[in-house]
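Everything below belongs to run-v7.pdb, which stores PDB, C-alpha atoms.
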```pdb
ATOM      1  CA  LEU O 281      17.490  36.239  -4.422
ATOM      2  CA  GLU O 282      18.111  33.132  -6.493
ATOM      3  CA  VAL O 283      19.878  30.065  -5.195
ATOM      4  CA  GLY O 284      23.656  30.483  -5.353
ATOM      5  CA  THR O 285      26.525  32.682  -4.110
ATOM      6  CA  HIS O 286      26.117  36.457  -4.143
ATOM      7  CA  THR O 287      28.577  39.307  -3.387
ATOM      8  CA  LEU O 288      27.544  42.382  -1.357
ATOM      9  CA  ARG O 289      29.699  45.521  -1.490
ATOM     10  CA  THR O 290      29.258  48.613   0.697
ATOM     11  CA  VAL O 291      30.983  51.953   0.085
ATOM     12  CA  ALA O 292      31.222  54.737   2.677
ATOM     13  CA  MET O 293      32.320  58.304   1.784
ATOM     14  CA  ASP O 294      33.063  61.208   4.106
ATOM     15  CA  ASP O 295      32.490  64.935   3.425
ATOM     16  CA  ALA O 296      35.994  65.270   2.029
ATOM     17  CA  GLY O 297      35.357  62.640  -0.620
ATOM     18  CA  ALA O 298      37.461  59.912   0.953
ATOM     19  CA  ALA O 299      35.929  56.444   0.545
ATOM     20  CA  SER O 300      36.291  52.951   1.960
ATOM     21  CA  GLU O 301      34.501  49.768   1.026
ATOM     22  CA  THR O 302      33.761  46.326   2.415
ATOM     23  CA  THR O 303      32.816  43.206   0.447
ATOM     24  CA  ILE O 304      31.150  40.036   1.743
ATOM     25  CA  SER O 305      29.804  36.897   0.097
ATOM     26  CA  ILE O 306      26.541  35.169   1.000
ATOM     27  CA  THR O 307      25.075  31.880  -0.169
ATOM     28  CA  ILE O 308      21.374  31.231  -0.783
ATOM     29  CA  THR O 309      20.397  27.563  -0.496
ATOM     30  CA  SER O 310      17.275  25.794  -1.703
ATOM     31  CA  MET O 311      14.291  25.864   0.634
ATOM     32  CA  THR O 312      12.778  22.747  -0.947
ATOM     33  CA  MET O 313      11.315  20.417   1.669
ATOM     34  CA  ASN O 314      12.281  16.757   1.669
ATOM     35  CA  THR O 315       9.509  14.494   0.413
ATOM     36  CA  LEU O 316       9.170  11.507   2.708
ATOM     37  CA  PRO O 317       9.512   8.014   1.243
ATOM     38  CA  THR O 318       6.577   5.681   0.587
ATOM     39  CA  VAL O 319       6.493   2.150   1.949
ATOM     40  CA  SER O 320       3.969  -0.686   1.648
ATOM     41  CA  PHE O 321       3.725  -4.415   2.201
ATOM     42  CA  VAL O 322       3.614  -6.585  -0.906
ATOM     43  CA  THR O 323       3.229  -9.775   1.107
ATOM     44  CA  PRO O 324       1.631 -10.600   3.431
ATOM     45  CA  THR O 325      -1.448  -8.397   3.136
ATOM     46  CA  ASP O 326      -3.298  -6.728   5.988
ATOM     47  CA  GLY O 327      -5.680  -9.157   7.698
ATOM     48  CA  GLN O 328      -4.236 -12.268   6.050
ATOM     49  CA  ASN O 329      -4.662 -15.609   7.834
ATOM     50  CA  PHE O 330      -2.067 -18.361   8.200
ATOM     51  CA  PRO O 331      -2.015 -21.867   9.696
ATOM     52  CA  GLU O 332      -0.154 -22.645  12.905
ATOM     53  CA  GLY O 333       3.530 -23.351  12.300
ATOM     54  CA  THR O 334       3.848 -21.040   9.281
ATOM     55  CA  ASP O 335       7.307 -19.828   8.262
ATOM     56  CA  LEU O 336       6.442 -16.292   7.210
ATOM     57  CA  GLU O 337       7.979 -14.576   4.199
ATOM     58  CA  VAL O 338       7.782 -10.785   4.004
ATOM     59  CA  ARG O 339       8.286  -8.510   1.014
ATOM     60  CA  VAL O 340       8.107  -4.701   1.181
ATOM     61  CA  ASN O 341       8.095  -2.024  -1.508
ATOM     62  CA  ALA O 342       9.762   1.346  -0.762
ATOM     63  CA  GLU O 343      10.352   4.383  -2.999
ATOM     64  CA  ASP O 344      11.573   7.971  -2.630
ATOM     65  CA  SER O 345      10.345  10.482  -5.220
ATOM     66  CA  ASP O 346      13.102  13.060  -4.585
ATOM     67  CA  GLY O 347      16.022  10.868  -3.605
ATOM     68  CA  THR O 348      16.898   7.302  -2.717
ATOM     69  CA  ILE O 349      16.010   4.712  -0.095
ATOM     70  CA  SER O 350      18.828   4.240   2.415
ATOM     71  CA  SER O 351      17.273   1.323   4.269
ATOM     72  CA  VAL O 352      14.089  -0.531   5.179
ATOM     73  CA  LYS O 353      13.682  -1.972   8.675
ATOM     74  CA  LEU O 354      11.210  -4.733   9.542
ATOM     75  CA  TYR O 355       9.756  -5.133  13.036
ATOM     76  CA  PHE O 356       7.822  -8.104  14.419
ATOM     77  CA  GLY O 357       7.575  -7.214  18.089
ATOM     78  CA  GLN O 358      11.287  -6.469  17.785
ATOM     79  CA  MET O 359      13.487  -5.667  14.807
ATOM     80  CA  VAL O 360      13.750  -8.606  12.433
ATOM     81  CA  GLY O 361      16.373  -6.996  10.241
ATOM     82  CA  GLU O 362      17.445  -4.081   8.061
ATOM     83  CA  ASP O 363      17.753  -4.248   4.272
ATOM     84  CA  THR O 364      19.698  -1.585   2.370
ATOM     85  CA  GLU O 365      19.009  -2.799  -1.170
ATOM     86  CA  ALA O 366      15.886  -3.756  -3.097
ATOM     87  CA  PRO O 367      14.184  -6.162  -3.178
ATOM     88  CA  TYR O 368      13.382  -5.700   0.502
ATOM     89  CA  GLU O 369      12.662  -9.273   1.542
ATOM     90  CA  TRP O 370      12.905 -11.395   4.683
ATOM     91  CA  GLU O 371      12.617 -15.193   4.791
ATOM     92  CA  ASN O 372      14.004 -17.970   6.960
ATOM     93  CA  GLU O 373      14.236 -15.465   9.805
ATOM     94  CA  PRO O 374      14.020 -17.077  13.282
ATOM     95  CA  LEU O 375      11.484 -14.502  14.480
ATOM     96  CA  LEU O 376       9.213 -15.252  11.505
ATOM     97  CA  ASN O 377       9.389 -19.052  11.624
ATOM     98  CA  ASP O 378       7.067 -21.651  13.202
ATOM     99  CA  LEU O 379       4.474 -19.072  14.232
ATOM    100  CA  ALA O 380       2.167 -19.884  17.137
ATOM    101  CA  PRO O 381      -1.577 -19.082  17.045
ATOM    102  CA  GLY O 382      -2.414 -15.438  17.655
ATOM    103  CA  MET O 383      -2.616 -11.999  16.090
ATOM    104  CA  TYR O 384       0.610 -10.299  15.058
ATOM    105  CA  THR O 385       1.644  -6.833  13.880
ATOM    106  CA  LEU O 386       4.286  -6.284  11.211
ATOM    107  CA  GLN O 387       5.844  -2.832  10.866
ATOM    108  CA  ALA O 388       8.115  -1.573   8.096
ATOM    109  CA  THR O 389      10.099   1.675   8.319
ATOM    110  CA  ALA O 390      11.681   3.225   5.229
ATOM    111  CA  VAL O 391      14.538   5.730   5.597
ATOM    112  CA  ASP O 392      15.555   8.031   2.723
ATOM    113  CA  ASN O 393      18.860   9.744   1.894
ATOM    114  CA  ASP O 394      17.789  12.825   3.896
ATOM    115  CA  ASN O 395      17.039  10.640   6.931
ATOM    116  CA  GLY O 396      13.301  11.124   6.451
ATOM    117  CA  THR O 397      11.230   8.161   7.615
ATOM    118  CA  THR O 398       7.841   6.639   6.877
ATOM    119  CA  GLN O 399       6.242   3.736   8.727
ATOM    120  CA  THR O 400       3.460   1.360   7.808
ATOM    121  CA  SER O 401       1.995  -1.601   9.658
ATOM    122  CA  ILE O 402      -0.340  -4.535   9.007
ATOM    123  CA  GLN O 403      -1.882  -7.268  11.125
ATOM    124  CA  ILE O 404      -1.955 -10.992  10.414
ATOM    125  CA  THR O 405      -3.601 -13.898  12.232
ATOM    126  CA  VAL O 406      -2.188 -17.370  12.831
ATOM    127  CA  VAL O 407      -4.943 -19.932  13.421
ATOM    128  CA  GLU O 408      -4.665 -22.978  15.672
ATOM    129  CA  SER O 409      -4.344 -26.361  13.977
ATOM    130  CA  GLY O 410      -7.695 -28.060  13.455
ATOM    131  CA  THR O 411      -9.515 -24.742  13.113
ATOM    132  CA  ASN O 412     -10.793 -23.703   9.706
ATOM    133  CA  ILE O 413      -8.789 -20.778   8.389
ATOM    134  CA  LEU O 414     -10.917 -18.124   6.738
ATOM    135  CA  PRO O 415     -10.134 -17.202   3.136
ATOM    136  CA  ASN O 416      -7.931 -14.267   2.181
ATOM    137  CA  VAL O 417      -9.607 -11.711  -0.084
ATOM    138  CA  SER O 418      -8.050  -8.572  -1.589
ATOM    139  CA  TYR O 419      -8.501  -6.248  -4.564
ATOM    140  CA  ILE O 420      -6.100  -6.220  -7.469
ATOM    141  CA  THR O 421      -8.029  -3.358  -9.045
ATOM    142  CA  PRO O 422      -9.417  -0.870  -8.119
ATOM    143  CA  GLN O 423      -7.857   0.208  -4.839
ATOM    144  CA  HIS O 424      -9.583   1.898  -1.928
ATOM    145  CA  GLY O 425     -10.002   5.629  -2.546
ATOM    146  CA  ASP O 426      -9.469   5.497  -6.321
ATOM    147  CA  HIS O 427     -11.149   8.188  -8.444
ATOM    148  CA  PHE O 428     -12.524   7.554 -11.933
ATOM    149  CA  PRO O 429     -13.819   9.874 -14.665
ATOM    150  CA  VAL O 430     -17.546   9.962 -15.298
ATOM    151  CA  GLY O 431     -18.424   7.423 -17.978
ATOM    152  CA  THR O 432     -15.773   4.861 -16.965
ATOM    153  CA  ASP O 433     -16.558   1.187 -17.559
ATOM    154  CA  LEU O 434     -15.171  -0.191 -14.324
ATOM    155  CA  VAL O 435     -13.131  -3.388 -14.169
ATOM    156  CA  VAL O 436     -12.895  -5.190 -10.820
ATOM    157  CA  GLU O 437     -10.330  -7.937 -10.166
ATOM    158  CA  VAL O 438     -10.192  -9.793  -6.875
ATOM    159  CA  ALA O 439      -7.572 -12.168  -5.464
ATOM    160  CA  ALA O 440      -8.848 -14.929  -3.172
ATOM    161  CA  ASP O 441      -7.147 -17.960  -1.634
ATOM    162  CA  ASP O 442      -7.769 -20.382   1.201
ATOM    163  CA  PRO O 443      -4.687 -21.472   3.187
ATOM    164  CA  ASP O 444      -6.223 -24.778   4.311
ATOM    165  CA  GLY O 445      -8.706 -25.576   1.560
ATOM    166  CA  SER O 446     -10.124 -24.082  -1.604
ATOM    167  CA  ILE O 447     -12.188 -21.134  -2.758
ATOM    168  CA  GLN O 448     -15.633 -22.231  -3.904
ATOM    169  CA  ARG O 449     -16.792 -18.867  -5.232
ATOM    170  CA  VAL O 450     -16.429 -15.109  -4.903
ATOM    171  CA  HIS O 451     -19.411 -12.761  -4.728
ATOM    172  CA  LEU O 452     -19.129  -9.102  -5.729
ATOM    173  CA  TYR O 453     -21.531  -6.487  -4.400
ATOM    174  CA  LEU O 454     -21.931  -2.875  -5.563
ATOM    175  CA  ASN O 455     -23.582  -0.616  -2.983
ATOM    176  CA  GLY O 456     -25.063  -3.685  -1.302
ATOM    177  CA  ASP O 457     -26.469  -5.305  -4.458
ATOM    178  CA  LEU O 458     -25.065  -8.626  -5.670
ATOM    179  CA  LEU O 459     -23.594  -8.287  -9.163
ATOM    180  CA  ARG O 460     -22.448 -11.830  -9.923
ATOM    181  CA  ARG O 461     -20.879 -14.954  -8.402
ATOM    182  CA  ASP O 462     -17.592 -16.149  -9.900
ATOM    183  CA  SER O 463     -16.531 -19.744  -9.256
ATOM    184  CA  ASP O 464     -13.246 -19.804 -11.165
ATOM    185  CA  ALA O 465     -10.108 -17.689 -10.937
ATOM    186  CA  PRO O 466      -9.314 -15.115 -12.168
ATOM    187  CA  TYR O 467     -12.173 -13.426 -10.323
ATOM    188  CA  ARG O 468     -13.025 -10.568 -12.669
ATOM    189  CA  TRP O 469     -16.006  -8.316 -13.381
ATOM    190  CA  ASP O 470     -16.034  -6.034 -16.436
ATOM    191  CA  GLY O 471     -18.315  -3.058 -16.984
ATOM    192  CA  ALA O 472     -17.610  -3.223 -20.723
ATOM    193  CA  GLY O 473     -18.697  -6.880 -20.766
ATOM    194  CA  GLU O 474     -21.424  -8.790 -18.994
ATOM    195  CA  ASP O 475     -21.432  -6.665 -15.826
ATOM    196  CA  SER O 476     -23.470  -3.699 -17.023
ATOM    197  CA  GLU O 477     -23.918  -2.353 -13.476
ATOM    198  CA  LEU O 478     -20.226  -1.347 -13.611
ATOM    199  CA  SER O 479     -20.538   0.497 -16.927
ATOM    200  CA  ASN O 480     -20.814   4.263 -17.486
ATOM    201  CA  LEU O 481     -19.796   5.229 -13.942
ATOM    202  CA  GLN O 482     -21.513   8.390 -12.745
ATOM    203  CA  GLU O 483     -20.496  11.011 -10.207
ATOM    204  CA  GLY O 484     -20.707   9.816  -6.623
ATOM    205  CA  SER O 485     -19.319   7.351  -4.101
ATOM    206  CA  TYR O 486     -19.488   3.608  -4.570
ATOM    207  CA  THR O 487     -18.931   0.730  -2.137
ATOM    208  CA  LEU O 488     -17.512  -2.552  -3.425
ATOM    209  CA  GLU O 489     -17.689  -5.705  -1.297
ATOM    210  CA  ALA O 490     -16.016  -8.961  -2.323
ATOM    211  CA  ALA O 491     -16.912 -12.099  -0.374
ATOM    212  CA  GLY O 492     -14.660 -15.148  -0.727
ATOM    213  CA  ILE O 493     -16.342 -18.425   0.339
ATOM    214  CA  ASP O 494     -14.253 -21.511   1.133
ATOM    215  CA  ASN O 495     -14.944 -25.249   0.974
ATOM    216  CA  ASN O 496     -16.296 -25.139   4.544
ATOM    217  CA  ASN O 497     -18.838 -22.507   3.471
ATOM    218  CA  GLU O 498     -17.139 -19.891   5.630
ATOM    219  CA  TYR O 499     -16.276 -16.524   4.170
ATOM    220  CA  THR O 500     -14.272 -13.316   4.352
ATOM    221  CA  VAL O 501     -15.527  -9.956   3.080
ATOM    222  CA  SER O 502     -13.211  -7.192   1.817
ATOM    223  CA  THR O 503     -14.686  -3.713   1.369
ATOM    224  CA  ILE O 504     -13.379  -0.654  -0.462
ATOM    225  CA  MET O 505     -14.840   2.689  -1.570
ATOM    226  CA  ILE O 506     -14.259   4.444  -4.888
ATOM    227  CA  THR O 507     -15.439   7.733  -6.386
ATOM    228  CA  GLY O 508     -16.800   8.672  -9.773
ATOM    229  CA  GLY O 509     -16.098  12.221 -11.018
ATOM    230  CA  GLY O 510     -14.969  15.041  -8.747
ATOM    231  CA  ASP O 511     -11.427  16.222  -8.085
ATOM    232  CA  GLY O 512      -8.344  14.181  -7.308
ATOM    233  CA  ASN O 513      -6.239  11.599  -9.050
ATOM    234  CA  GLN O 514      -8.175   9.735 -11.674
ATOM    235  CA  ASN O 515      -7.580   6.176 -12.760
ATOM    236  CA  MET O 516      -8.514   4.495 -16.004
TER     237      MET O 516
END
```
Starting from the file, lay out its structure as C-alpha cells.
Amino acid sequence: LEVGTHTLRTVAMDDAGAASETTISITITSMTMNTLPTVSFVTPTDGQNFPEGTDLEVRVNAEDSDGTISSVKLYFGQMVGEDTEAPYEWENEPLLNDLAPGMYTLQATAVDNDNGTTQTSIQITVVESGTNILPNVSYITPQHGDHFPVGTDLVVEVAADDPDGSIQRVHLYLNGDLLRRDSDAPYRWDGAGEDSELSNLQEGSYTLEAAGIDNNNEYTVSTIMITGGGDGNQNM
C-alpha cells in the first residue's frame, strides 16, 4: 500500500441473502529512516597546539541532509554551552579561557529535528610557557580518504602556522619520497605544474605526508591517504 489513508470495507451475507457491512480506515505512514546530522570542528583542528594562557575560540559546522539542526552542544570536560542557531561559535567562555598546560578534549554534539544525534571530538595541547610549541599542519586539499579518477593531476594545499614563532618551510612527501620544499605560503603543489609526480594519478593508494618546520627547526608531520580509481565518491 502507498503512503496515505485507505478505507477497508467488509460485507457478510447469509444464505437468505441478507447482508451487513463494516468499514474502517487505516493510515500508512512513511518508513523512511531519519538521516543523522553531520558535525565537524572548523577551529581548532585535531592535534592543534596552543601556548599557556590561551583564550580558546571554537567554531563548529553542523548540517542535516533531511531536516534541520535543532542545537549544537559543546563539551570541554563539562558542557560549555548550547547554540541553537548557526554560526555555532563559542568565545570568551570561562571554561575556555586562560588554559593551563595539558591535553584537552573538545566534543561537539549536533541534534536534529527528529532528535537524532551525532558526536565528534578532537584533542588539543596547551604547552607550558618557555617551551617551544610545535607547528600546526593540516590539509586544505585533498582530505583523508578522498577518491580521484585515474588520470587526475592532483593539487595539494597545506596550511601551516607556528603559534610562538614562524614556519621556515613545508616539505611534502608522496609515498615516502620528497616532492619539494616550499618556503612561502600558500604551500601548494600542482600536478599540472612543476610537480610532475602528482600528475596523471593511477589506480592505487597513495600516502601524503606534510612536514611543517618552525624557526627552532622542530617539526610536525600530518599524514593522509588518498585513492586513485576504484569505487566511491570521486573528487576533482
*Calculate how many Å separate atom CA of O:Gly327 from atom CA of O:Gly484, rounding to one decimal.*
28.1 Å
*Carefully work through the PyMOL selection byres ((chain O and resi 469-475) around 10) for this structure and note down the residues it includes, as JSON, numbers by chain.*
{"O": [432, 433, 434, 435, 436, 437, 438, 452, 459, 460, 461, 462, 466, 467, 468, 476, 477, 478, 479, 480, 481]}
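Running the PyMOL selection byres ((chain O and resi 350-363) around 8) on this file leaves O:Ala342, O:Thr348, O:Ile349, O:Thr364, O:Glu365, O:Ala366, O:Tyr368, O:Glu369, O:Trp370, O:Glu373, O:Leu375, O:Leu376, O:Tyr384, O:Thr385, O:Leu386, O:Gln387, O:Ala388, O:Thr389, O:Ala390, O:Val391, O:Asp392, O:Asn393 selected.
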*Excluding O:Leu316 and any residue of its chain fewer than 2 positions from it, enumerate the residues within 8 Å of it, using all atoms listed in the file, and give them as a ChimeraX atom specification.*
/O:314,318,344,392,396-398
_Running the PyMOL selection byres ((chain O and resi 414) around 9) on this model by hand, what would come out? Give it as a ChimeraX atom specification._
/O:328-330,412-413,415-416,442-444,492-494,498-500
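When all atoms listed in the file are used to measure the gap to O:Ala490, the shortest distance among O:Thr287, O:Gly445, O:Asn455, O:Glu408 belongs to O:Asn455.
For the atom pair formed by atom CA of O:Asn497 and atom CA of O:Gln448, the distance is 8.0 Å, given to one decimal.
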*What does the distance between atom CA of O:Met313 and atom CA of O:His286 come to in Å, to one decimal place?*
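Distance between the two atoms: 22.6 Å.
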*Neighbour list for O:Thr315 as JSON, numbers by chain, cut-off 7 Å, all atoms listed in the file, skip fewer than 2 positions in-chain*: {"O": [313, 317, 345, 346]}
Could you give me the centre and size, in Å to one decimal, of an axis-aligned box around all listed atoms of stretch 405-416 of chain O with 3 Å added on every side, as lines of an AutoDock Vina configuration file?
```
center_x = -6.6
center_y = -21.0
center_z = 8.9
size_x = 14.7
size_y = 20.2
size_z = 19.5
```
*Pick out the closest residue to O:Gln482 from this set: O:Ala440, O:Val291, O:Val430, O:Leu379. Count all atoms listed in the file.*
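Looking at the shortest contact to O:Gln482, the residue is O:Val430.
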Pick out the residues sitting within 7 Å of O:Ala292, and hand them over as a PDB file with C-alpha atoms, in the coordinates of the input; count only C-alpha atoms, and ignore anything fewer than 3 positions along from it in its own chain.
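So the final result, stored in selection-v5.pdb, reads:
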```
ATOM      1  CA  ALA O 299      35.929  56.444   0.545  1.00  0.00           C
ATOM      2  CA  SER O 300      36.291  52.951   1.960  1.00  0.00           C
ATOM      3  CA  GLU O 301      34.501  49.768   1.026  1.00  0.00           C
TER       4      GLU O 301
END
```
*Name the closest residue to O:Thr285 among the candidates O:Thr307, O:Ser418, O:Ser485, O:Thr302; distances are taken between atoms, counting all atoms listed in the file.*
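Checking each of O:Thr307, O:Ser418, O:Ser485, O:Thr302 against O:Thr285, counting all atoms listed in the file, the winner is O:Thr307.
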Show me as an mmCIF file with C-alpha atoms, in the frame of the given file the residues that reach within 10 Å of (-2.4, -29.8, 15.2), counting only C-alpha atoms and using the file's own coordinates.
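Saved as part.cif:
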```
data_model
loop_
_atom_site.group_PDB
_atom_site.id
_atom_site.type_symbol
_atom_site.label_atom_id
_atom_site.label_comp_id
_atom_site.auth_asym_id
_atom_site.auth_seq_id
_atom_site.Cartn_x
_atom_site.Cartn_y
_atom_site.Cartn_z
ATOM 1 C CA PRO O 331 -2.015 -21.867 9.696
ATOM 2 C CA GLU O 332 -0.154 -22.645 12.905
ATOM 3 C CA GLY O 333 3.530 -23.351 12.300
ATOM 4 C CA GLU O 408 -4.665 -22.978 15.672
ATOM 5 C CA SER O 409 -4.344 -26.361 13.977
ATOM 6 C CA GLY O 410 -7.695 -28.060 13.455
ATOM 7 C CA THR O 411 -9.515 -24.742 13.113
#
```
